[in-house]
Amino acid sequence: MNWQDPVESLNYLNGKPAANGDIRTEDADFIVEEVLGFELSGEGEHVCLFIEKQGENTIYVAKQIAKISGARNRDVSYSGLKDRHGITRQWFSVAVPVKTTIDFSPLESETIRIVKQTRHLKKLRTGCHRLNKFSIVVRNIDDLADVQARIEQIKQQGVPNYFGSQRFGHSGNNLNLAKRLFGGEEIRDRKLRGLVISAARSLLFNLLVSQRVKQQRFAQPIDGDIFRLSGTRSFFSEAMSDTLLARLAEGDIQIAATLPGDGDWLTKNDALAFEQQVLSEYQSWVDGLIELRVKVDCRPIKLEGANLSMQVLNEHSIRLDFDLPTGSFATALLRELVNVVDCSHKSHLSQQGPRE
């Protein structure tokens, strides 16, 4: 596998797209907004800020909130990291005593805007939001007919729920660190170690999904598969039956694949044999995750973009609007639609590194 771009060699559900196109030609071409999925209480010891940012990364904004509030950097929380290149709206929270009022207006600038401010009884934790709403413009498309046909396929079949290349670090550097970690080298920085472990599990999961696609086992369960109850983190294993297949067809449940770690392997029978054979080349990584006591887990193999729609802007440009559950990647959907060039990478080369 090419660790410089570990997503490039993964199998496509309907073959590689014929069309090429550009994303993030400008920040307004890539808009993401978090949807919490629950109501904030309006009271409590945590101030919650809904921030719109452009050209800034999440960590930079969090540090500015800490500076204004007098909190430690680690005491400012957010549900998820959002791209620097684009217009993103996301929630942050910081502990502020109930009787204390802090003016957060100095946070605002040409690139940062406070959309909403309220209080809540608890801090916002990683992954607490329900979904992300995307609005993405793809420009310079050279085969619009192929894109239009693929949109219909995606609506009907979904796409492989691959982790995106950003999970693996610049030029796959997190995977190089994972190889060293599982080779016995210590990573003392706790945050970096967490990123490396996450990248390793993401790679293993992608390999499992890619092989299911290759062997035409993406839509059909294998004996011993695990299933996720849609919209929840609950999973179960059950013998094949007409009822199970009907629930799968209705979208009530989803086929899932293992995220290896400490604990009994979640799949059984043929599915277990399949997964272990696919990952046999990475057995030392699986063993390493067990030794590090990373809890075994699972993740749906299919990603469906809810409310997916496409607007043709002109003969070479489209706008895509869709919702994705927390933890999934818009690039996984785009990958099945068009061979994209991320123009933000080009502009990034001419700039200094992202602000921290």
# chains A, B, ... in the order shown; residues from 1 in each chain; ligands from 1
>>> residues_around(residues="Thr267 (chain A)", least_positions_apart="4", cutoff="7 Å", atoms="only C-alpha atoms", output="list in words")
Gly224, Asp225, Ile226, Ala271 and Leu272 of chain A
>>> residues_around(residues="Asn140 (chain A)", least_positions_apart="5", cutoff="8 Å", atoms="only C-alpha atoms", output="list in words")
Asn20, Gly21, Asp22, His316 and Ser317 of chain A
>>> write_last_selection(atoms="N, CA and C atoms", output="PDB file, in the first residue's frame")
ATOM      1  N   ASN A  20     -13.168  14.297 -13.805  1.00  0.00           N
ATOM      2  CA  ASN A  20     -12.242  14.995 -12.928  1.00  0.00           C
ATOM      3  C   ASN A  20     -12.879  16.323 -12.513  1.00  0.00           C
ATOM      4  N   GLY A  21     -12.475  16.848 -11.367  1.00  0.00           N
ATOM      5  CA  GLY A  21     -13.024  18.120 -10.910  1.00  0.00           C
ATOM      6  C   GLY A  21     -12.210  18.693  -9.771  1.00  0.00           C
ATOM      7  N   ASP A  22     -12.445  19.946  -9.453  1.00  0.00           N
ATOM      8  CA  ASP A  22     -11.718  20.653  -8.396  1.00  0.00           C
ATOM      9  C   ASP A  22     -12.646  21.004  -7.242  1.00  0.00           C
ATOM     10  N   HIS A 316     -19.840  22.871 -16.238  1.00  0.00           N
ATOM     11  CA  HIS A 316     -18.626  22.331 -15.627  1.00  0.00           C
ATOM     12  C   HIS A 316     -18.610  22.437 -14.099  1.00  0.00           C
ATOM     13  N   SER A 317     -19.718  22.820 -13.506  1.00  0.00           N
ATOM     14  CA  SER A 317     -19.737  23.007 -12.049  1.00  0.00           C
ATOM     15  C   SER A 317     -21.050  22.519 -11.453  1.00  0.00           C
TER      16      SER A 317
END
>>> atom_distance(atom1="CA of Ala149 (chain A)", atom2="CA of Leu324 (chain A)")
20.9 Å
>>> closest_atom_pairs(of="region 50-133 of chain A", to="region 33-45 of chain A", cutoff="7 Å", atoms="only C-alpha atoms", output="CSV")
residue,atom,partner,partner_atom,distance
A:Thr88,CA,A:Glu33,CA,5.7
A:Arg89,CA,A:Glu33,CA,4.6
A:Gln90,CA,A:Glu34,CA,5.3
A:Ala95,CA,A:Glu45,CA,5.7
A:Val96,CA,A:Glu45,CA,5.4
A:Pro97,CA,A:Glu45,CA,5.2
A:Val98,CA,A:Glu45,CA,5.3
A:Thr118,CA,A:Gly42,CA,5.5
A:Arg119,CA,A:Gly42,CA,4.5
A:His120,CA,A:Gly44,CA,4.8
A:Leu121,CA,A:Gly44,CA,4.2
A:Cys128,CA,A:Leu36,CA,6.9
A:His129,CA,A:Leu36,CA,3.9
A:Arg130,CA,A:Gly37,CA,5.2
A:Leu131,CA,A:Val35,CA,5.4
A:Asn132,CA,A:Glu34,CA,4.6
A:Lys133,CA,A:Glu33,CA,5.1
>>> atom_distance(atom1="CA of Arg247 (chain A)", atom2="CA of Leu229 (chain A)")
9.7 Å
>>> residues_around(residues="Ile112 (chain A)", least_positions_apart="3", cutoff="7 Å", atoms="only C-alpha atoms", output="ChimeraX atom specification")
/A:51-54,107-109
>>> residues_around(residues="region 204-216 of chain A", least_positions_apart="5", cutoff="7 Å", atoms="only C-alpha atoms", output="PyMOL selection string")
chain A and resi 10-11+13+160+162-163+257-259+275+278-279+301
>>> write_last_selection(atoms="N, CA and C atoms", output="PDB file, in the first residue's frame")
ATOM      1  N   LEU A  10      -7.590   2.061  -2.535  1.00  0.00           N
ATOM      2  CA  LEU A  10      -8.804   1.373  -2.085  1.00  0.00           C
ATOM      3  C   LEU A  10      -9.764   1.160  -3.248  1.00  0.00           C
ATOM      4  N   ASN A  11     -10.515   0.078  -3.192  1.00  0.00           N
ATOM      5  CA  ASN A  11     -11.422  -0.275  -4.286  1.00  0.00           C
ATOM      6  C   ASN A  11     -12.653   0.636  -4.328  1.00  0.00           C
ATOM      7  N   LEU A  13     -16.661   1.212  -5.439  1.00  0.00           N
ATOM      8  CA  LEU A  13     -17.864   0.398  -5.506  1.00  0.00           C
ATOM      9  C   LEU A  13     -18.328   0.218  -6.941  1.00  0.00           C
ATOM     10  N   PRO A 160     -18.635   3.162   0.116  1.00  0.00           N
ATOM     11  CA  PRO A 160     -17.819   2.589   1.192  1.00  0.00           C
ATOM     12  C   PRO A 160     -17.483   3.649   2.241  1.00  0.00           C
ATOM     13  N   TYR A 162     -15.148   4.692   4.000  1.00  0.00           N
ATOM     14  CA  TYR A 162     -13.712   4.797   4.234  1.00  0.00           C
ATOM     15  C   TYR A 162     -13.364   5.995   5.122  1.00  0.00           C
ATOM     16  N   PHE A 163     -12.340   5.826   5.938  1.00  0.00           N
ATOM     17  CA  PHE A 163     -11.721   6.963   6.606  1.00  0.00           C
ATOM     18  C   PHE A 163     -10.948   7.755   5.553  1.00  0.00           C
ATOM     19  N   ALA A 257     -17.866  -3.638  10.243  1.00  0.00           N
ATOM     20  CA  ALA A 257     -16.588  -4.350  10.246  1.00  0.00           C
ATOM     21  C   ALA A 257     -15.845  -3.988  11.532  1.00  0.00           C
ATOM     22  N   THR A 258     -14.912  -4.849  11.894  1.00  0.00           N
ATOM     23  CA  THR A 258     -14.213  -4.718  13.166  1.00  0.00           C
ATOM     24  C   THR A 258     -13.159  -3.616  13.138  1.00  0.00           C
ATOM     25  N   LEU A 259     -13.105  -2.858  14.233  1.00  0.00           N
ATOM     26  CA  LEU A 259     -11.970  -1.986  14.538  1.00  0.00           C
ATOM     27  C   LEU A 259     -11.167  -2.758  15.583  1.00  0.00           C
ATOM     28  N   GLU A 275     -12.006 -11.517   7.929  1.00  0.00           N
ATOM     29  CA  GLU A 275     -11.326 -10.339   8.470  1.00  0.00           C
ATOM     30  C   GLU A 275      -9.893 -10.663   8.891  1.00  0.00           C
ATOM     31  N   VAL A 278      -7.668 -10.996   5.803  1.00  0.00           N
ATOM     32  CA  VAL A 278      -7.362  -9.704   5.182  1.00  0.00           C
ATOM     33  C   VAL A 278      -6.282  -8.970   5.969  1.00  0.00           C
ATOM     34  N   LEU A 279      -6.337  -9.070   7.297  1.00  0.00           N
ATOM     35  CA  LEU A 279      -5.416  -8.311   8.136  1.00  0.00           C
ATOM     36  C   LEU A 279      -4.178  -9.108   8.548  1.00  0.00           C
ATOM     37  N   ILE A 301     -19.902  -0.396   7.385  1.00  0.00           N
ATOM     38  CA  ILE A 301     -19.072  -0.407   6.181  1.00  0.00           C
ATOM     39  C   ILE A 301     -19.667   0.469   5.074  1.00  0.00           C
TER      40      ILE A 301
END
>>> residues_around(residues="Lys155 (chain A)", least_positions_apart="4", cutoff="12 Å", atoms="only C-alpha atoms", output="PyMOL selection string")
chain A and resi 148-151+159+302-310+322+333+336-337
>>> write_last_selection(atoms="N, CA and C atoms", output="PDB file, in the first residue's frame")
ATOM      1  N   GLN A 148     -23.612  12.837 -13.088  1.00  0.00           N
ATOM      2  CA  GLN A 148     -25.055  12.739 -12.886  1.00  0.00           C
ATOM      3  C   GLN A 148     -25.501  11.289 -12.725  1.00  0.00           C
ATOM      4  N   ALA A 149     -24.906  10.390 -13.507  1.00  0.00           N
ATOM      5  CA  ALA A 149     -25.250   8.970 -13.396  1.00  0.00           C
ATOM      6  C   ALA A 149     -24.802   8.405 -12.048  1.00  0.00           C
ATOM      7  N   ARG A 150     -23.637   8.831 -11.591  1.00  0.00           N
ATOM      8  CA  ARG A 150     -23.108   8.320 -10.340  1.00  0.00           C
ATOM      9  C   ARG A 150     -23.884   8.833  -9.121  1.00  0.00           C
ATOM     10  N   ILE A 151     -24.426  10.015  -9.231  1.00  0.00           N
ATOM     11  CA  ILE A 151     -25.261  10.533  -8.138  1.00  0.00           C
ATOM     12  C   ILE A 151     -26.408   9.576  -7.865  1.00  0.00           C
ATOM     13  N   VAL A 159     -21.984   4.510  -0.333  1.00  0.00           N
ATOM     14  CA  VAL A 159     -20.573   4.419  -0.710  1.00  0.00           C
ATOM     15  C   VAL A 159     -19.816   3.711   0.412  1.00  0.00           C
ATOM     16  N   LYS A 302     -20.946   0.837   5.220  1.00  0.00           N
ATOM     17  CA  LYS A 302     -21.593   1.657   4.193  1.00  0.00           C
ATOM     18  C   LYS A 302     -21.905   3.039   4.739  1.00  0.00           C
ATOM     19  N   LEU A 303     -21.684   4.036   3.888  1.00  0.00           N
ATOM     20  CA  LEU A 303     -21.994   5.423   4.222  1.00  0.00           C
ATOM     21  C   LEU A 303     -23.067   5.917   3.270  1.00  0.00           C
ATOM     22  N   GLU A 304     -24.131   6.489   3.839  1.00  0.00           N
ATOM     23  CA  GLU A 304     -25.212   7.042   3.022  1.00  0.00           C
ATOM     24  C   GLU A 304     -25.343   8.529   3.315  1.00  0.00           C
ATOM     25  N   GLY A 305     -25.302   9.318   2.264  1.00  0.00           N
ATOM     26  CA  GLY A 305     -25.468  10.753   2.416  1.00  0.00           C
ATOM     27  C   GLY A 305     -26.949  11.108   2.475  1.00  0.00           C
ATOM     28  N   ALA A 306     -27.446  11.428   3.654  1.00  0.00           N
ATOM     29  CA  ALA A 306     -28.857  11.781   3.788  1.00  0.00           C
ATOM     30  C   ALA A 306     -29.129  13.112   3.086  1.00  0.00           C
ATOM     31  N   ASN A 307     -30.316  13.222   2.530  1.00  0.00           N
ATOM     32  CA  ASN A 307     -30.735  14.460   1.845  1.00  0.00           C
ATOM     33  C   ASN A 307     -29.771  14.866   0.734  1.00  0.00           C
ATOM     34  N   LEU A 308     -29.196  13.881   0.074  1.00  0.00           N
ATOM     35  CA  LEU A 308     -28.233  14.158  -0.998  1.00  0.00           C
ATOM     36  C   LEU A 308     -28.930  14.768  -2.205  1.00  0.00           C
ATOM     37  N   SER A 309     -28.430  15.919  -2.630  1.00  0.00           N
ATOM     38  CA  SER A 309     -28.973  16.567  -3.824  1.00  0.00           C
ATOM     39  C   SER A 309     -27.843  17.212  -4.603  1.00  0.00           C
ATOM     40  N   MET A 310     -28.059  17.378  -5.902  1.00  0.00           N
ATOM     41  CA  MET A 310     -27.060  17.990  -6.763  1.00  0.00           C
ATOM     42  C   MET A 310     -27.709  19.085  -7.591  1.00  0.00           C
ATOM     43  N   PHE A 322     -25.556  17.577   1.316  1.00  0.00           N
ATOM     44  CA  PHE A 322     -25.852  16.294   1.953  1.00  0.00           C
ATOM     45  C   PHE A 322     -25.494  16.359   3.431  1.00  0.00           C
ATOM     46  N   LEU A 333     -17.560  10.088   0.061  1.00  0.00           N
ATOM     47  CA  LEU A 333     -18.652  10.243  -0.908  1.00  0.00           C
ATOM     48  C   LEU A 333     -18.139  10.853  -2.213  1.00  0.00           C
ATOM     49  N   GLU A 336     -16.303   8.523  -4.835  1.00  0.00           N
ATOM     50  CA  GLU A 336     -17.081   7.662  -5.720  1.00  0.00           C
ATOM     51  C   GLU A 336     -17.750   8.452  -6.847  1.00  0.00           C
ATOM     52  N   LEU A 337     -17.697   9.772  -6.758  1.00  0.00           N
ATOM     53  CA  LEU A 337     -18.413  10.622  -7.703  1.00  0.00           C
ATOM     54  C   LEU A 337     -17.509  11.227  -8.765  1.00  0.00           C
TER      55      LEU A 337
END
>>> atom_distance(atom1="CA of Val76 (chain A)", atom2="CA of Ala62 (chain A)")
6.0 Å
>>> residues_around(residues="Asn174 (chain A)", least_positions_apart="5", cutoff="10 Å", atoms="only C-alpha atoms", output="number ranges by chain")
A: 3, 166-169, 179-180, 192-193, 195-200
>>> write_last_selection(atoms="N, CA and C atoms", output="CSV table (one decimal), in the first residue's frame")
chain,number,residue,atom,x,y,z
A,3,TRP,N,1.6,4.5,1.4
A,3,TRP,CA,1.3,5.2,2.6
A,3,TRP,C,1.4,6.7,2.4
A,166,GLN,N,-7.1,12.5,5.5
A,166,GLN,CA,-6.6,13.4,6.6
A,166,GLN,C,-6.4,12.7,7.9
A,167,ARG,N,-7.1,11.5,8.0
A,167,ARG,CA,-6.9,10.7,9.2
A,167,ARG,C,-5.4,10.2,9.4
A,168,PHE,N,-4.7,10.1,8.2
A,168,PHE,CA,-3.4,9.5,8.2
A,168,PHE,C,-2.3,10.5,8.3
A,169,GLY,N,-2.6,11.8,8.4
A,169,GLY,CA,-1.5,12.8,8.5
A,169,GLY,C,-0.9,13.1,7.1
A,179,LYS,N,3.9,2.3,12.5
A,179,LYS,CA,4.9,1.1,12.3
A,179,LYS,C,6.0,1.1,13.3
A,180,ARG,N,6.4,2.3,13.6
A,180,ARG,CA,7.5,2.4,14.7
A,180,ARG,C,7.0,2.1,16.1
A,192,LEU,N,-0.3,12.7,20.5
A,192,LEU,CA,0.2,12.2,19.3
A,192,LEU,C,0.0,10.6,19.2
A,193,ARG,N,0.3,10.0,20.3
A,193,ARG,CA,0.1,8.5,20.4
A,193,ARG,C,-1.4,8.2,20.0
A,195,LEU,N,-3.4,9.9,18.1
A,195,LEU,CA,-3.6,10.1,16.7
A,195,LEU,C,-3.0,9.0,15.9
A,196,VAL,N,-1.9,8.5,16.3
A,196,VAL,CA,-1.2,7.4,15.6
A,196,VAL,C,-2.1,6.1,15.7
A,197,ILE,N,-2.6,5.8,16.9
A,197,ILE,CA,-3.4,4.6,17.1
A,197,ILE,C,-4.7,4.7,16.3
A,198,SER,N,-5.3,5.9,16.3
A,198,SER,CA,-6.5,6.1,15.5
A,198,SER,C,-6.2,5.9,14.0
A,199,ALA,N,-5.1,6.3,13.5
A,199,ALA,CA,-4.7,6.2,12.1
A,199,ALA,C,-4.5,4.7,11.8
A,200,ALA,N,-3.9,4.0,12.7
A,200,ALA,CA,-3.6,2.5,12.5
A,200,ALA,C,-4.9,1.8,12.3
>>> residues_around(residues="Arg24 (chain A)", least_positions_apart="4", cutoff="12 Å", atoms="only C-alpha atoms", output="list of chain:residue names")
A:Ala28, A:Asp29, A:Phe30, A:Ile31, A:Gly55, A:Asp83, A:Arg84, A:His85, A:Gly86, A:Ile87, A:Ser135, A:Ile136, A:Val137, A:Val138, A:Arg139, A:Asn140, A:Arg319, A:Val340, A:Val341, A:Asp342, A:Cys343, A:Ser344, A:His345, A:Lys346, A:Ser347, A:His348
>>> select_by_dssp(residues="region 148-314 of chain A", states="strand (DSSP E or B)", output="NGL selection string")
:A and (159-160 or 226-229 or 235-237 or 253-259 or 262 or 295 or 297-300 or 302-303 or 306-314)
>>> select_by_dssp(residues="region 80-274 of chain A", states="helix (DSSP H, G or I)", output="VMD selection string")
chain A and resid 105 to 107 144 to 157 165 to 168 170 to 182 190 to 214 242 to 250 269 to 274
>>> closest_residue(among="A:Asp287, A:Val94, A:Arg188, A:Asp297", to="Phe236 (chain A)", atoms="only C-alpha atoms")
A:Asp297
>>> decode(residues="region 117-154 of chain A", atoms="N, CA and C atoms", output="mmCIF file, in the first residue's frame")
data_model
loop_
_atom_site.group_PDB
_atom_site.id
_atom_site.type_symbol
_atom_site.label_atom_id
_atom_site.label_comp_id
_atom_site.auth_asym_id
_atom_site.auth_seq_id
_atom_site.Cartn_x
_atom_site.Cartn_y
_atom_site.Cartn_z
ATOM 1 N N GLN A 117 -24.452 32.163 21.225
ATOM 2 C CA GLN A 117 -23.809 31.925 22.519
ATOM 3 C C GLN A 117 -24.872 31.563 23.537
ATOM 4 N N THR A 118 -24.631 30.490 24.287
ATOM 5 C CA THR A 118 -25.571 30.076 25.332
ATOM 6 C C THR A 118 -24.801 29.307 26.393
ATOM 7 N N ARG A 119 -25.492 28.815 27.377
ATOM 8 C CA ARG A 119 -24.862 28.012 28.432
ATOM 9 C C ARG A 119 -25.417 26.587 28.425
ATOM 10 N N HIS A 120 -24.643 25.697 29.065
ATOM 11 C CA HIS A 120 -25.081 24.308 29.158
ATOM 12 C C HIS A 120 -24.559 23.712 30.460
ATOM 13 N N LEU A 121 -25.229 22.665 30.931
ATOM 14 C CA LEU A 121 -24.876 22.045 32.206
ATOM 15 C C LEU A 121 -23.590 21.227 32.115
ATOM 16 N N LYS A 122 -23.242 20.761 30.912
ATOM 17 C CA LYS A 122 -22.062 19.911 30.741
ATOM 18 C C LYS A 122 -21.166 20.469 29.636
ATOM 19 N N LYS A 123 -19.896 20.080 29.665
ATOM 20 C CA LYS A 123 -18.986 20.446 28.590
ATOM 21 C C LYS A 123 -19.323 19.623 27.347
ATOM 22 N N LEU A 124 -19.031 20.171 26.199
ATOM 23 C CA LEU A 124 -19.228 19.440 24.955
ATOM 24 C C LEU A 124 -18.048 18.496 24.743
ATOM 25 N N ARG A 125 -18.343 17.270 24.450
ATOM 26 C CA ARG A 125 -17.283 16.269 24.292
ATOM 27 C C ARG A 125 -17.122 15.867 22.832
ATOM 28 N N THR A 126 -15.949 15.315 22.533
ATOM 29 C CA THR A 126 -15.636 14.904 21.166
ATOM 30 C C THR A 126 -16.700 13.945 20.629
ATOM 31 N N GLY A 127 -17.210 14.259 19.447
ATOM 32 C CA GLY A 127 -18.186 13.391 18.801
ATOM 33 C C GLY A 127 -19.597 13.509 19.313
ATOM 34 N N CYS A 128 -19.881 14.559 20.107
ATOM 35 C CA CYS A 128 -21.225 14.647 20.701
ATOM 36 C C CYS A 128 -22.273 15.126 19.701
ATOM 37 N N HIS A 129 -21.871 15.750 18.587
ATOM 38 C CA HIS A 129 -22.882 16.204 17.637
ATOM 39 C C HIS A 129 -23.381 15.029 16.797
ATOM 40 N N ARG A 130 -24.598 15.170 16.275
ATOM 41 C CA ARG A 130 -25.253 14.053 15.572
ATOM 42 C C ARG A 130 -24.812 13.927 14.124
ATOM 43 N N LEU A 131 -24.643 15.068 13.454
ATOM 44 C CA LEU A 131 -24.279 15.009 12.037
ATOM 45 C C LEU A 131 -23.628 16.310 11.602
ATOM 46 N N ASN A 132 -23.079 16.268 10.392
ATOM 47 C CA ASN A 132 -22.535 17.455 9.732
ATOM 48 C C ASN A 132 -23.288 17.686 8.432
ATOM 49 N N LYS A 133 -23.655 18.939 8.188
ATOM 50 C CA LYS A 133 -24.307 19.320 6.939
ATOM 51 C C LYS A 133 -23.243 19.914 6.006
ATOM 52 N N PHE A 134 -23.190 19.391 4.787
ATOM 53 C CA PHE A 134 -22.186 19.838 3.817
ATOM 54 C C PHE A 134 -22.853 20.531 2.637
ATOM 55 N N SER A 135 -22.177 21.544 2.131
ATOM 56 C CA SER A 135 -22.533 22.169 0.860
ATOM 57 C C SER A 135 -21.216 22.390 0.123
ATOM 58 N N ILE A 136 -21.003 21.622 -0.938
ATOM 59 C CA ILE A 136 -19.702 21.585 -1.615
ATOM 60 C C ILE A 136 -19.877 21.873 -3.110
ATOM 61 N N VAL A 137 -19.101 22.811 -3.612
ATOM 62 C CA VAL A 137 -19.090 23.116 -5.042
ATOM 63 C C VAL A 137 -17.899 22.405 -5.677
ATOM 64 N N VAL A 138 -18.162 21.670 -6.756
ATOM 65 C CA VAL A 138 -17.106 21.018 -7.532
ATOM 66 C C VAL A 138 -17.021 21.740 -8.873
ATOM 67 N N ARG A 139 -15.849 22.234 -9.210
ATOM 68 C CA ARG A 139 -15.663 23.018 -10.432
ATOM 69 C C ARG A 139 -14.779 22.273 -11.440
ATOM 70 N N ASN A 140 -14.775 22.783 -12.668
ATOM 71 C CA ASN A 140 -13.916 22.271 -13.745
ATOM 72 C C ASN A 140 -14.149 20.783 -14.022
ATOM 73 N N ILE A 141 -15.414 20.372 -13.951
ATOM 74 C CA ILE A 141 -15.777 18.981 -14.237
ATOM 75 C C ILE A 141 -15.715 18.743 -15.746
ATOM 76 N N ASP A 142 -15.082 17.636 -16.133
ATOM 77 C CA ASP A 142 -14.911 17.375 -17.565
ATOM 78 C C ASP A 142 -15.829 16.280 -18.104
ATOM 79 N N ASP A 143 -16.703 15.725 -17.273
ATOM 80 C CA ASP A 143 -17.662 14.712 -17.744
ATOM 81 C C ASP A 143 -18.896 14.773 -16.838
ATOM 82 N N LEU A 144 -19.749 15.745 -17.078
ATOM 83 C CA LEU A 144 -20.905 15.969 -16.226
ATOM 84 C C LEU A 144 -21.890 14.807 -16.280
ATOM 85 N N ALA A 145 -22.005 14.172 -17.437
ATOM 86 C CA ALA A 145 -22.950 13.059 -17.593
ATOM 87 C C ALA A 145 -22.591 11.904 -16.656
ATOM 88 N N ASP A 146 -21.294 11.614 -16.522
ATOM 89 C CA ASP A 146 -20.868 10.538 -15.632
ATOM 90 C C ASP A 146 -21.180 10.885 -14.178
ATOM 91 N N VAL A 147 -20.976 12.141 -13.810
ATOM 92 C CA VAL A 147 -21.272 12.579 -12.448
ATOM 93 C C VAL A 147 -22.761 12.427 -12.154
ATOM 94 N N GLN A 148 -23.612 12.837 -13.088
ATOM 95 C CA GLN A 148 -25.055 12.739 -12.886
ATOM 96 C C GLN A 148 -25.501 11.289 -12.725
ATOM 97 N N ALA A 149 -24.906 10.390 -13.507
ATOM 98 C CA ALA A 149 -25.250 8.970 -13.396
ATOM 99 C C ALA A 149 -24.802 8.405 -12.048
ATOM 100 N N ARG A 150 -23.637 8.831 -11.591
ATOM 101 C CA ARG A 150 -23.108 8.320 -10.340
ATOM 102 C C ARG A 150 -23.884 8.833 -9.121
ATOM 103 N N ILE A 151 -24.426 10.015 -9.231
ATOM 104 C CA ILE A 151 -25.261 10.533 -8.138
ATOM 105 C C ILE A 151 -26.408 9.576 -7.865
ATOM 106 N N GLU A 152 -27.038 9.097 -8.917
ATOM 107 C CA GLU A 152 -28.153 8.155 -8.750
ATOM 108 C C GLU A 152 -27.684 6.843 -8.137
ATOM 109 N N GLN A 153 -26.496 6.368 -8.540
ATOM 110 C CA GLN A 153 -25.953 5.140 -7.950
ATOM 111 C C GLN A 153 -25.689 5.317 -6.459
ATOM 112 N N ILE A 154 -25.142 6.467 -6.092
ATOM 113 C CA ILE A 154 -24.832 6.734 -4.688
ATOM 114 C C ILE A 154 -26.114 6.797 -3.853
#
